[in-house]
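Asks: Compact mmCIF, C-alpha atoms and all ligand atoms, file final.txt:
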```
# COMPACT_ATOMS: atom_id res chain seq x y z
CA GLU A 120 -27.34 150.84 63.36
CA CYS A 121 -26.18 148.28 65.91
CA ILE A 122 -22.75 147.63 67.40
CA GLY A 123 -21.78 144.41 69.18
CA ILE A 124 -19.38 144.94 72.07
CA ASP A 125 -17.68 142.24 74.13
CA ALA A 126 -16.05 143.96 77.07
CA GLY A 127 -13.71 141.37 78.56
CA GLY A 128 -11.27 141.54 81.43
CA THR A 129 -8.39 142.51 79.14
CA LEU A 130 -9.72 143.49 75.71
CA ILE A 131 -12.88 145.08 74.35
CA LYS A 132 -13.87 143.47 71.07
CA VAL A 133 -16.22 145.37 68.74
CA VAL A 134 -18.10 144.13 65.66
CA TYR A 135 -20.42 146.19 63.48
CA LYS A 136 -21.71 146.25 59.95
CA GLU A 137 -21.18 148.90 57.33
CA ARG A 138 -22.44 148.51 53.77
CA ASP A 139 -23.03 144.80 54.33
CA GLU A 140 -19.50 144.27 55.54
CA HIS A 141 -18.45 143.32 59.07
CA LEU A 142 -15.87 145.59 60.62
CA TYR A 143 -13.78 144.77 63.68
CA GLN A 144 -12.13 146.88 66.37
CA THR A 145 -10.25 146.09 69.56
CA PHE A 146 -9.56 148.34 72.53
CA LEU A 147 -7.73 147.66 75.76
CA SER A 148 -10.13 147.33 78.70
CA ASN A 149 -7.94 149.69 80.71
CA GLU A 150 -8.22 152.30 77.94
CA VAL A 151 -12.00 152.38 77.89
CA GLU A 152 -11.89 156.14 77.24
CA LYS A 153 -10.70 155.36 73.70
CA LEU A 154 -13.80 153.27 73.06
CA VAL A 155 -16.00 156.02 74.50
CA LYS A 156 -14.35 158.61 72.25
CA TRP A 157 -14.69 156.36 69.19
CA ILE A 158 -18.39 155.77 69.81
CA ASN A 159 -19.12 159.41 70.57
CA GLU A 160 -17.30 160.53 67.46
CA TRP A 161 -18.43 157.96 64.91
CA HIS A 162 -21.49 156.16 66.25
CA PRO A 163 -23.30 158.52 68.67
CA ASN A 164 -26.74 157.09 67.86
CA ALA A 165 -25.96 153.42 67.35
CA LYS A 166 -27.69 150.86 69.53
CA LEU A 167 -25.05 149.07 71.57
CA LYS A 168 -25.43 145.37 72.34
CA ILE A 169 -22.96 144.78 75.12
CA THR A 170 -21.68 141.55 76.61
CA GLY A 171 -18.70 140.49 78.73
CA GLY A 172 -17.70 141.02 82.35
CA LYS A 173 -17.30 144.78 81.98
CA GLN A 174 -20.64 145.35 80.20
CA GLU A 175 -22.29 147.38 82.97
CA ASN A 176 -19.19 149.43 83.51
CA ILE A 177 -19.21 150.43 79.84
CA SER A 178 -22.92 151.02 79.52
CA LYS A 179 -22.64 153.66 82.24
CA LEU A 180 -20.01 155.63 80.32
CA LEU A 181 -22.08 156.04 77.15
CA HIS A 182 -25.27 157.85 76.18
CA ASN A 183 -26.31 155.44 73.45
CA PRO A 184 -29.32 153.16 73.79
CA TYR A 185 -28.05 149.75 74.83
CA GLU A 186 -28.93 146.18 75.70
CA LEU A 187 -26.91 143.90 78.00
CA ILE A 188 -26.44 140.33 76.83
CA ASP A 189 -25.28 137.29 78.76
CA GLU A 190 -21.63 136.54 78.01
CA PHE A 191 -21.94 132.79 77.62
CA GLU A 192 -25.01 133.05 75.41
CA ALA A 193 -23.33 135.66 73.23
CA THR A 194 -20.22 133.51 72.84
CA THR A 195 -22.07 130.37 71.84
CA ILE A 196 -24.36 132.26 69.43
CA GLY A 197 -21.45 134.15 67.95
CA ILE A 198 -19.24 131.12 67.40
CA LYS A 199 -21.68 129.90 64.74
CA GLU A 200 -21.28 133.13 62.79
CA VAL A 201 -17.50 132.99 63.22
CA LEU A 202 -17.36 129.40 61.93
CA LYS A 203 -19.56 130.27 58.98
CA ARG A 204 -17.42 133.25 58.07
CA ALA A 205 -14.28 131.13 58.43
CA ASP A 206 -15.83 128.49 56.11
CA LEU A 207 -15.36 125.93 58.85
CA TYR A 208 -17.90 123.12 58.91
CA LEU A 209 -17.86 121.17 62.17
CA PRO A 210 -19.87 118.29 63.61
CA GLU A 211 -23.08 119.31 65.41
CA LYS A 212 -21.45 118.59 68.74
CA TYR A 213 -18.15 120.03 69.91
CA LEU A 214 -16.34 121.50 72.88
CA LEU A 215 -15.80 125.26 72.83
CA VAL A 216 -12.85 126.54 74.84
CA ASN A 217 -12.57 130.31 75.25
CA VAL A 218 -9.07 131.20 76.37
CA GLY A 219 -9.49 134.82 77.38
CA THR A 220 -8.08 136.39 80.51
CA GLY A 221 -9.40 133.24 82.11
CA THR A 222 -10.68 130.11 80.40
CA SER A 223 -14.28 129.09 79.94
CA ILE A 224 -15.45 125.73 78.60
CA HIS A 225 -18.77 125.08 76.86
CA SER A 226 -20.45 122.22 75.09
CA VAL A 227 -22.24 123.07 71.87
CA LEU A 228 -24.85 120.76 70.39
CA GLY A 229 -26.73 122.29 67.49
CA LYS A 230 -28.70 125.21 68.90
CA ASN A 231 -28.02 124.22 72.51
CA SER A 232 -25.04 125.03 74.61
CA GLU A 233 -24.03 124.67 78.21
CA ARG A 234 -21.18 126.05 80.27
CA LEU A 235 -19.38 123.01 81.65
CA GLY A 236 -16.56 124.62 83.56
CA GLY A 237 -13.59 126.88 83.46
CA SER A 238 -10.13 127.57 84.77
CA GLY A 239 -8.19 130.51 86.07
CA ILE A 240 -5.36 129.42 83.80
CA GLY A 241 -5.68 131.51 80.66
CA GLY A 242 -4.26 134.43 78.72
CA GLY A 243 -4.05 136.50 81.88
CA THR A 244 -1.82 133.84 83.42
CA LEU A 245 0.48 134.16 80.44
CA MET A 246 0.67 137.93 80.91
CA GLY A 247 1.12 137.84 84.68
CA LEU A 248 3.72 135.09 84.82
CA SER A 249 5.59 136.61 81.86
CA TYR A 250 5.89 139.78 83.87
CA LEU A 251 6.98 138.06 87.07
CA LEU A 252 9.52 135.88 85.29
CA THR A 253 10.94 138.29 82.67
CA ARG A 254 9.46 141.77 83.33
CA GLN A 255 7.94 141.71 79.83
CA LYS A 256 4.45 143.22 79.63
CA GLN A 257 3.67 143.47 75.91
CA PHE A 258 1.74 140.54 74.48
CA GLU A 259 3.37 140.85 71.03
CA GLU A 260 6.85 141.07 72.52
CA ILE A 261 6.22 138.08 74.81
CA MET A 262 5.06 135.96 71.90
CA LEU A 263 7.95 137.04 69.65
CA LEU A 264 10.40 136.00 72.34
CA ALA A 265 8.61 132.74 73.10
CA GLU A 266 8.68 131.79 69.40
CA LYS A 267 12.47 131.95 69.52
CA GLY A 268 12.79 129.98 72.74
CA LYS A 269 13.63 126.35 73.46
CA ARG A 270 12.13 124.23 76.22
CA THR A 271 15.04 121.85 76.75
CA GLY A 272 16.80 122.18 80.07
CA ILE A 273 13.92 123.99 81.80
CA ASP A 274 11.02 121.63 81.22
CA LEU A 275 11.57 118.08 82.34
CA LYS A 276 10.47 115.59 79.70
CA VAL A 277 9.45 112.02 80.32
CA ARG A 278 12.62 110.92 78.54
CA ASP A 279 14.75 113.02 80.90
CA ILE A 280 13.47 110.88 83.77
CA TYR A 281 13.62 107.53 82.01
CA GLU A 282 16.95 108.45 80.43
CA GLY A 283 17.82 105.54 78.16
CA ASP A 284 15.10 103.22 79.47
CA ARG A 285 11.86 102.47 77.74
CA SER A 286 9.04 104.67 79.10
CA PRO A 287 5.35 103.70 79.33
CA ILE A 288 4.33 106.93 77.59
CA ASN A 289 5.76 109.09 74.81
CA GLY A 290 9.15 110.33 75.97
CA ASP A 291 8.52 113.68 74.33
CA LEU A 292 5.68 114.51 76.75
CA THR A 293 6.37 116.99 79.52
CA ALA A 294 6.89 115.19 82.81
CA SER A 295 7.22 118.40 84.78
CA ASN A 296 6.75 121.94 83.50
CA PHE A 297 9.68 124.05 84.71
CA GLY A 298 10.78 120.90 86.50
CA PHE A 299 14.38 120.51 85.30
CA LEU A 300 15.88 122.18 88.37
CA GLU A 301 18.95 120.00 88.10
CA ARG A 302 19.86 121.65 84.78
CA MET A 303 19.06 125.19 85.80
CA THR A 304 21.90 127.66 86.09
CA GLY A 305 20.15 130.94 86.76
CA GLU A 306 21.32 132.12 83.34
CA GLU A 307 18.18 130.98 81.51
CA LEU A 308 17.22 133.15 78.55
CA GLN A 309 13.97 135.11 78.61
CA GLU A 310 12.96 133.53 75.31
CA ASP A 311 13.40 130.01 76.71
CA ILE A 312 11.50 130.81 79.91
CA LEU A 313 8.64 132.27 77.85
CA ALA A 314 8.59 129.27 75.51
CA CYS A 315 8.19 127.04 78.57
CA LEU A 316 5.45 129.28 79.91
CA VAL A 317 3.45 129.13 76.68
CA GLY A 318 4.02 125.37 76.71
CA MET A 319 2.77 125.02 80.28
CA ILE A 320 -0.35 127.08 79.68
CA SER A 321 -1.26 125.30 76.45
CA GLU A 322 -0.72 121.90 78.03
CA ALA A 323 -2.72 122.83 81.12
CA VAL A 324 -5.61 124.23 79.07
CA LEU A 325 -5.69 121.12 76.90
CA MET A 326 -5.59 118.76 79.89
CA ILE A 327 -8.39 120.69 81.58
CA ALA A 328 -10.48 120.63 78.39
CA MET A 329 -9.90 117.03 77.38
CA PRO A 330 -12.03 115.30 80.04
CA PHE A 331 -14.92 117.61 79.13
CA ALA A 332 -14.57 116.58 75.49
CA ARG A 333 -14.63 112.93 76.60
CA ALA A 334 -17.67 113.57 78.80
CA ILE A 335 -19.70 114.95 75.91
CA GLU A 336 -18.29 112.25 73.60
CA SER A 337 -16.74 114.61 71.15
CA SER A 338 -13.22 114.73 69.78
CA THR A 339 -13.64 118.19 68.28
CA ILE A 340 -12.36 121.13 70.31
CA VAL A 341 -12.70 124.71 69.09
CA PHE A 342 -10.38 127.26 70.69
CA ILE A 343 -11.28 130.93 70.70
CA GLY A 344 -10.16 133.98 72.66
CA SER A 345 -7.54 136.61 71.95
CA THR A 346 -4.82 134.45 73.50
CA PHE A 347 -4.72 132.67 70.13
CA HIS A 348 -4.81 135.84 68.09
CA ASN A 349 -1.67 136.06 65.96
CA ASN A 350 -0.30 133.23 67.97
CA ALA A 351 1.17 130.43 65.90
CA LEU A 352 3.14 129.11 68.86
CA PHE A 353 0.08 128.40 71.01
CA LYS A 354 -1.57 126.59 68.13
CA LYS A 355 1.55 124.58 67.39
CA GLN A 356 1.93 123.56 71.04
CA LEU A 357 -1.67 122.36 71.15
CA GLN A 358 -1.63 120.66 67.78
CA ARG A 359 1.10 118.32 69.01
CA PHE A 360 -1.64 116.55 70.93
CA GLU A 361 -4.07 115.98 68.08
CA TYR A 362 -2.53 112.73 67.00
CA LEU A 363 -1.62 111.52 70.48
CA PHE A 364 -5.12 111.96 71.93
CA GLU A 365 -7.11 111.52 68.71
CA LEU A 366 -8.49 115.03 68.85
CA LYS A 367 -9.41 117.48 66.15
CA LEU A 368 -8.51 121.01 67.21
CA HIS A 369 -9.71 124.17 65.49
CA PHE A 370 -8.64 127.79 65.84
CA PRO A 371 -11.14 129.70 63.72
CA PHE A 372 -10.14 133.01 62.20
CA ASN A 373 -11.59 135.89 64.24
CA GLY A 374 -12.57 133.47 67.02
CA GLN A 375 -11.81 136.21 69.53
CA TYR A 376 -14.82 138.11 68.16
CA SER A 377 -17.34 135.34 68.94
CA GLY A 378 -18.83 137.22 71.89
CA ALA A 379 -19.14 140.48 69.98
CA HIS A 380 -20.65 138.70 66.95
CA GLY A 381 -23.13 136.94 69.22
CA ALA A 382 -24.11 140.18 70.92
CA LEU A 383 -24.64 141.84 67.55
CA LEU A 384 -26.83 138.95 66.36
CA TYR A 385 -28.80 138.67 69.59
P1 LIG B 1 -12.41 137.38 79.78
O1 LIG B 1 -13.29 136.82 78.71
O2 LIG B 1 -11.70 136.32 80.56
O3 LIG B 1 -13.10 138.42 80.62
P2 LIG B 1 -11.17 138.88 77.62
O4 LIG B 1 -12.46 138.73 76.89
O5 LIG B 1 -10.63 140.26 77.75
O6 LIG B 1 -11.23 138.22 79.06
P3 LIG B 1 -9.61 137.88 75.41
O7 LIG B 1 -9.67 139.22 74.79
O8 LIG B 1 -10.28 136.77 74.70
O9 LIG B 1 -10.09 137.96 76.93
O10 LIG B 1 -8.09 137.45 75.64
C1 LIG B 1 -7.22 138.19 76.47
C2 LIG B 1 -5.83 137.62 76.34
O11 LIG B 1 -5.37 137.78 75.00
C3 LIG B 1 -4.79 138.31 77.19
O12 LIG B 1 -4.76 137.77 78.49
C4 LIG B 1 -3.51 138.04 76.41
O13 LIG B 1 -2.96 136.77 76.73
C5 LIG B 1 -3.99 137.97 74.96
N1 LIG B 1 -3.76 139.20 74.17
C6 LIG B 1 -3.77 139.23 72.81
N2 LIG B 1 -3.51 140.45 72.35
C7 LIG B 1 -3.33 141.25 73.43
C8 LIG B 1 -3.02 142.63 73.61
N3 LIG B 1 -2.84 143.45 72.57
N4 LIG B 1 -2.93 143.11 74.87
C9 LIG B 1 -3.11 142.31 75.93
N5 LIG B 1 -3.39 140.99 75.82
C10 LIG B 1 -3.50 140.45 74.60
MG MG B 2 -13.92 137.25 76.86
```
With the file now loaded, output its structure as structure tokens.

Replies:
Amino acid sequence: ECIGIDAGGTLIKVVYKERDEHLYQTFLSNEVEKLVKWINEWHPNAKLKITGGKQENISKLLHNPYELIDEFEATTIGIKEVLKRADLYLPEKYLLVNVGTGTSIHSVLGKNSERLGGSGIGGGTLMGLSYLLTRQKQFEEIMLLAEKGKRTGIDLKVRDIYEGDRSPINGDLTASNFGFLERMTGEELQEDILACLVGMISEAVLMIAMPFARAIESSTIVFIGSTFHNNALFKKQLQRFEYLFELKLHFPFNGQYSGAHGALLY
């Protein structure tokens, strides 16, 4: 019996097989004792295949036999399994953007993959700035609020600058995230602030990723990472750019388990 574990900065993702079926589990990285208890209780003899930044940390807490697997390799191996299971058939070449605590960008070409870059702007940024701006700490609560929020009057759009005049780019684009100081009253609603924050992070991630997609001559971008888990708003914000920039964006089901799937397969 083998268990694939992707121990990230925020969440520990677990994939294993029982009676030919894949089963999934998630634990918080700061509640690692729950993972240890679960393994000791239910899988004391399983071989653990561990990837992610906290892999060594976890291997030391368990008595199981284990193997450590490179995070980027695991992710790019696992994405193939995730795509297959999601019935998603993509071109041979695409850009893979993992929006975890931080963001990591990879090119995938058939069996080959390469890490091209990354950014500190990711899901952790969403959590940290949400806390600083609104004192909210729960991911689900933050996203529920953000879904209800509006961005007008906090974000400055191109059309807010050009007013009635004709602008050289789409007036609906953000000219300045959180830039509408002139309109701010200090009475901004939490839900509106959080909607702007999700907007800023999705726009920043897309703008960071896009030149990499151009560089590898691909218009297909696959987004994974738990930041997109149960997160229609993030997807919607990003999908606004598909038409504008001639991109095809994908958010495969269970994408956040790519690393754990890859580790299990390794
Ligand atoms: P990294 O790969 O950067 O080390 P990670 O693998 O832990 O980090 P993911 O699990 O892919 O990263 O994503 C973490 C992000 O997912 C969080 O920063 C947050 O935005 C979001 N998230 C989704 N669900 C939760 C949750 N229940 N608790 C905390 N964050 C969550
Ligand atoms: Mg990760």

Asks: Per residue of chain A within 9 Å of ligand MG 2 (chain B), which atom pair is closest and at what distance in Å (one decimal), using all atoms listed in the file, listed by chain and increasing number, as a Markdown table?

Replies:
```
| residue | atom | partner | partner_atom | distance |
| --- | --- | --- | --- | --- |
| A:Asp125 | CA | B:MG2 | MG | 6.8 |
| A:Ala126 | CA | B:MG2 | MG | 7.0 |
| A:Gly127 | CA | B:MG2 | MG | 4.5 |
| A:Gly128 | CA | B:MG2 | MG | 6.8 |
| A:Thr129 | CA | B:MG2 | MG | 8.0 |
| A:Leu130 | CA | B:MG2 | MG | 7.6 |
| A:Ile131 | CA | B:MG2 | MG | 8.3 |
| A:Lys132 | CA | B:MG2 | MG | 8.5 |
| A:Thr170 | CA | B:MG2 | MG | 8.9 |
| A:Gly171 | CA | B:MG2 | MG | 6.1 |
| A:Gly172 | CA | B:MG2 | MG | 7.7 |
| A:Glu190 | CA | B:MG2 | MG | 7.8 |
| A:Thr194 | CA | B:MG2 | MG | 8.4 |
| A:Asn217 | CA | B:MG2 | MG | 7.3 |
| A:Val218 | CA | B:MG2 | MG | 7.8 |
| A:Gly219 | CA | B:MG2 | MG | 5.1 |
| A:Thr220 | CA | B:MG2 | MG | 6.9 |
| A:Gly221 | CA | B:MG2 | MG | 8.0 |
| A:Thr222 | CA | B:MG2 | MG | 8.6 |
| A:Ser223 | CA | B:MG2 | MG | 8.7 |
| A:Gly344 | CA | B:MG2 | MG | 6.5 |
| A:Ser345 | CA | B:MG2 | MG | 8.1 |
| A:Gln375 | CA | B:MG2 | MG | 7.7 |
| A:Tyr376 | CA | B:MG2 | MG | 8.8 |
| A:Ser377 | CA | B:MG2 | MG | 8.8 |
| A:Gly378 | CA | B:MG2 | MG | 7.0 |
```

Asks: Which is closer to Leu308 of chain A than all the others in A:Ile158, A:Ala294, A:Thr253, A:Ser286, using all atoms listed in the file?

Replies: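 Using all atoms listed in the file, Leu308 of chain A sits closest to A:Thr253.
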
Asks: Determine, counting all atoms listed in the file, which protein, DNA and RNA residues have an atom within 9 Å of an atom of His369 of chain A; residues of the same chain fewer than 5 positions away are not included. Present the result as an MDAnalysis selection string.

Replies: chainID A and resid 207 339:343 354

Asks: Create the file for the chosen residues now, containing C-alpha atoms and written as a compact mmCIF listing (two decimals), in the frame of the given file.

Replies:
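Result saved to selection39.txt:
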```txt
# COMPACT_ATOMS: atom_id res chain seq x y z
CA LEU A 207 -15.36 125.93 58.85
CA THR A 339 -13.64 118.19 68.28
CA ILE A 340 -12.36 121.13 70.31
CA VAL A 341 -12.70 124.71 69.09
CA PHE A 342 -10.38 127.26 70.69
CA ILE A 343 -11.28 130.93 70.70
CA LYS A 354 -1.57 126.59 68.13
```

Asks: Neighbours of Asn183 of chain A within 7 Å (only C-alpha atoms; same-chain residues fewer than 2 positions away dropped), as a list in words?

Replies: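 Selected residues are Pro163, Asn164, Ala165, Lys166, Leu167, Leu181 and Tyr185 of chain A.
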
Asks: Show me, as a list in words, the residues that have an atom within 12 Å of Thr244 of chain A when counting only C-alpha atoms, minus same-chain residues fewer than 2 positions from it.

Replies: Thr129, Val218, Gly219, Thr220, Gly221, Thr222, Ser238, Gly239, Ile240, Gly241, Gly242, Met246, Gly247, Leu248, Ser249, Tyr250, Leu251, Leu252, Lys256, Phe258, Leu313, Leu316, Val317, Met319, Ile320, Ser321, Ala323, Val324 and Thr346 of chain A

Asks: List the neighbours of segment 262-264 of chain A out to 6 Å using all atoms listed in the file; skip same-chain residues closer than 3 positions along the sequence, and give me the result as a compact mmCIF listing (two decimals) with C-alpha atoms, in the coordinates of the input.

Replies:
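File produced: selection30.txt:
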```txt
# COMPACT_ATOMS: atom_id res chain seq x y z
CA GLU A 259 3.37 140.85 71.03
CA LYS A 267 12.47 131.95 69.52
CA GLU A 310 12.96 133.53 75.31
```

Asks: Given the point (-8.1, 117.4, 69.9) in the coordinates of this file, which residues lie within 6 Å, counting all atoms listed in the file, and how would they look as a PyMOL selection string?

Replies: chain A and resi 338-340+361+366-368

Asks: Would you mind exporting C-alpha atoms of the selected residues as a PDB file, in the frame of the given file?

Replies:
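Heads up, here's the output in selection.pdb:
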```
ATOM      1  CA  SER A 338     -13.220 114.730  69.780  1.00  0.00           C
ATOM      2  CA  THR A 339     -13.640 118.190  68.280  1.00  0.00           C
ATOM      3  CA  ILE A 340     -12.360 121.130  70.310  1.00  0.00           C
ATOM      4  CA  GLU A 361      -4.070 115.980  68.080  1.00  0.00           C
ATOM      5  CA  LEU A 366      -8.490 115.030  68.850  1.00  0.00           C
ATOM      6  CA  LYS A 367      -9.410 117.480  66.150  1.00  0.00           C
ATOM      7  CA  LEU A 368      -8.510 121.010  67.210  1.00  0.00           C
TER       8      LEU A 368
END
```

Asks: Kindly give the distance, in Å, that separates atom CA of Ile224 of chain A and atom C10 of ligand LIG 1 (chain B), rounded to a single decimal.

Replies: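 Between these atoms lies a distance of 19.4 Å.
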
Asks: Tell me, in Å to one decimal, how far atom CA of Ala205 of chain A is from atom CA of Met329 of chain A.

Replies: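 Those two atoms sit 24.0 Å apart.
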
Asks: With distances taken over all atoms listed in the file, which of A:Gly237, A:Gly243, A:Gly283, A:Gly290 is nearest to ligand LIG 1 (chain B)?

Replies: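 Residue with the minimum atom-to-atom distance to ligand LIG 1 (chain B): A:Gly243.
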
Asks: Please indicate the distance in Å from atom CA of Gly236 of chain A to atom O5 of ligand LIG 1 (chain B), rounded to one decimal place.

Replies: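 Going from atom CA of Gly236 of chain A over to atom O5 of ligand LIG 1 (chain B), I get 17.7 Å.
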
Asks: Using all atoms listed in the file for the distances, tell me which of A:Trp161, A:Tyr213, A:Phe353, A:Tyr281 is nearest to ligand LIG 1 (chain B).

Replies: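 Counting all atoms listed in the file, the residue closest to ligand LIG 1 (chain B) is A:Phe353.
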
Asks: Please return, as a PyMOL selection string, all polymer residues that have at least one atom within 9 Å of the point (-21.5, 125.6, 71.9); use all atoms listed in the file and the file's own coordinate frame.

Replies: chain A and resi 192+194-196+198-199+212-215+225-234

Asks: Save out the residues we just selected, C-alpha atoms, as a CSV table (one decimal), keeping the file's coordinate frame.

Replies:
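The resulting selection00.csv:
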```csv
chain,number,residue,atom,x,y,z
A,192,GLU,CA,-25.0,133.0,75.4
A,194,THR,CA,-20.2,133.5,72.8
A,195,THR,CA,-22.1,130.4,71.8
A,196,ILE,CA,-24.4,132.3,69.4
A,198,ILE,CA,-19.2,131.1,67.4
A,199,LYS,CA,-21.7,129.9,64.7
A,212,LYS,CA,-21.4,118.6,68.7
A,213,TYR,CA,-18.2,120.0,69.9
A,214,LEU,CA,-16.3,121.5,72.9
A,215,LEU,CA,-15.8,125.3,72.8
A,225,HIS,CA,-18.8,125.1,76.9
A,226,SER,CA,-20.4,122.2,75.1
A,227,VAL,CA,-22.2,123.1,71.9
A,228,LEU,CA,-24.8,120.8,70.4
A,229,GLY,CA,-26.7,122.3,67.5
A,230,LYS,CA,-28.7,125.2,68.9
A,231,ASN,CA,-28.0,124.2,72.5
A,232,SER,CA,-25.0,125.0,74.6
A,233,GLU,CA,-24.0,124.7,78.2
A,234,ARG,CA,-21.2,126.0,80.3
```

Asks: Give me, as a PyMOL selection string, all polymer residues having an atom no more than 7 Å from Leu383 of chain A, counting all atoms listed in the file and skipping those fewer than 6 positions away in the same chain.

Replies: chain A and resi 121-123+168

Asks: Those same residues - C-alpha atoms - I'd like them written as a CSV table (one decimal), keeping the file's coordinate frame.

Replies:
```csv
chain,number,residue,atom,x,y,z
A,121,CYS,CA,-26.2,148.3,65.9
A,122,ILE,CA,-22.8,147.6,67.4
A,123,GLY,CA,-21.8,144.4,69.2
A,168,LYS,CA,-25.4,145.4,72.3
```

Asks: Go through A:Glu301, A:Glu322, A:Glu137, A:Glu211 and flag the residue nearest Ile280 of chain A, using all atoms listed in the file for the distances.

Replies: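 Of A:Glu301, A:Glu322, A:Glu137, A:Glu211, the one nearest Ile280 of chain A is A:Glu301, counting all atoms listed in the file.
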
Asks: Reconstruct all heavy atoms of segment 277-283 of chain A; output as a PDB file, in the coordinates of the input.

Replies:
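Output below, filename result-v5.pdb:
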```
ATOM      1  N   VAL A 277       9.522 113.406  79.869  1.00  0.00           N
ATOM      2  CA  VAL A 277       9.450 112.020  80.320  1.00  0.00           C
ATOM      3  C   VAL A 277      10.788 111.324  80.052  1.00  0.00           C
ATOM      4  O   VAL A 277      11.326 110.621  80.904  1.00  0.00           O
ATOM      5  CB  VAL A 277       8.276 111.287  79.633  1.00  0.00           C
ATOM      6  CG1 VAL A 277       8.354 109.785  79.861  1.00  0.00           C
ATOM      7  CG2 VAL A 277       6.938 111.839  80.137  1.00  0.00           C
ATOM      8  N   ARG A 278      11.355 111.596  78.887  1.00  0.00           N
ATOM      9  CA  ARG A 278      12.620 110.920  78.540  1.00  0.00           C
ATOM     10  C   ARG A 278      13.783 111.370  79.422  1.00  0.00           C
ATOM     11  O   ARG A 278      14.747 110.641  79.607  1.00  0.00           O
ATOM     12  CB  ARG A 278      12.943 111.081  77.061  1.00  0.00           C
ATOM     13  CG  ARG A 278      13.626 112.361  76.648  1.00  0.00           C
ATOM     14  CD  ARG A 278      14.338 112.153  75.308  1.00  0.00           C
ATOM     15  NE  ARG A 278      13.350 111.862  74.252  1.00  0.00           N
ATOM     16  CZ  ARG A 278      12.685 112.807  73.589  1.00  0.00           C
ATOM     17  NH1 ARG A 278      12.912 114.075  73.833  1.00  0.00           N
ATOM     18  NH2 ARG A 278      11.814 112.499  72.664  1.00  0.00           N
ATOM     19  N   ASP A 279      13.691 112.557  79.999  1.00  0.00           N
ATOM     20  CA  ASP A 279      14.750 113.020  80.900  1.00  0.00           C
ATOM     21  C   ASP A 279      14.727 112.210  82.211  1.00  0.00           C
ATOM     22  O   ASP A 279      15.748 112.076  82.882  1.00  0.00           O
ATOM     23  CB  ASP A 279      14.575 114.506  81.238  1.00  0.00           C
ATOM     24  CG  ASP A 279      14.722 115.389  80.011  1.00  0.00           C
ATOM     25  OD1 ASP A 279      15.581 115.074  79.159  1.00  0.00           O
ATOM     26  OD2 ASP A 279      13.968 116.374  79.902  1.00  0.00           O
ATOM     27  N   ILE A 280      13.569 111.706  82.566  1.00  0.00           N
ATOM     28  CA  ILE A 280      13.470 110.880  83.770  1.00  0.00           C
ATOM     29  C   ILE A 280      13.879 109.444  83.458  1.00  0.00           C
ATOM     30  O   ILE A 280      14.685 108.838  84.161  1.00  0.00           O
ATOM     31  CB  ILE A 280      12.030 110.902  84.341  1.00  0.00           C
ATOM     32  CG1 ILE A 280      11.652 112.331  84.772  1.00  0.00           C
ATOM     33  CG2 ILE A 280      11.901 109.927  85.520  1.00  0.00           C
ATOM     34  CD1 ILE A 280      10.295 112.458  85.426  1.00  0.00           C
ATOM     35  N   TYR A 281      13.342 108.932  82.355  1.00  0.00           N
ATOM     36  CA  TYR A 281      13.620 107.530  82.010  1.00  0.00           C
ATOM     37  C   TYR A 281      15.012 107.351  81.412  1.00  0.00           C
ATOM     38  O   TYR A 281      15.473 106.243  81.224  1.00  0.00           O
ATOM     39  CB  TYR A 281      12.534 107.010  81.046  1.00  0.00           C
ATOM     40  CG  TYR A 281      11.309 106.552  81.790  1.00  0.00           C
ATOM     41  CD1 TYR A 281      10.374 107.474  82.249  1.00  0.00           C
ATOM     42  CD2 TYR A 281      11.092 105.213  82.067  1.00  0.00           C
ATOM     43  CE1 TYR A 281       9.250 107.077  82.952  1.00  0.00           C
ATOM     44  CE2 TYR A 281       9.977 104.787  82.777  1.00  0.00           C
ATOM     45  CZ  TYR A 281       9.054 105.727  83.214  1.00  0.00           C
ATOM     46  OH  TYR A 281       7.952 105.324  83.910  1.00  0.00           O
ATOM     47  N   GLU A 282      15.647 108.465  81.100  1.00  0.00           N
ATOM     48  CA  GLU A 282      16.950 108.450  80.430  1.00  0.00           C
ATOM     49  C   GLU A 282      16.937 107.457  79.289  1.00  0.00           C
ATOM     50  O   GLU A 282      16.096 107.569  78.408  1.00  0.00           O
ATOM     51  CB  GLU A 282      18.060 108.227  81.450  1.00  0.00           C
ATOM     52  CG  GLU A 282      18.065 109.408  82.434  1.00  0.00           C
ATOM     53  CD  GLU A 282      19.193 109.392  83.443  1.00  0.00           C
ATOM     54  OE1 GLU A 282      19.108 108.599  84.396  1.00  0.00           O
ATOM     55  OE2 GLU A 282      20.109 110.189  83.262  1.00  0.00           O
ATOM     56  N   GLY A 283      17.794 106.477  79.283  1.00  0.00           N
ATOM     57  CA  GLY A 283      17.820 105.540  78.160  1.00  0.00           C
ATOM     58  C   GLY A 283      16.697 104.491  78.191  1.00  0.00           C
ATOM     59  O   GLY A 283      16.420 103.846  77.190  1.00  0.00           O
TER      60      GLY A 283
END
```
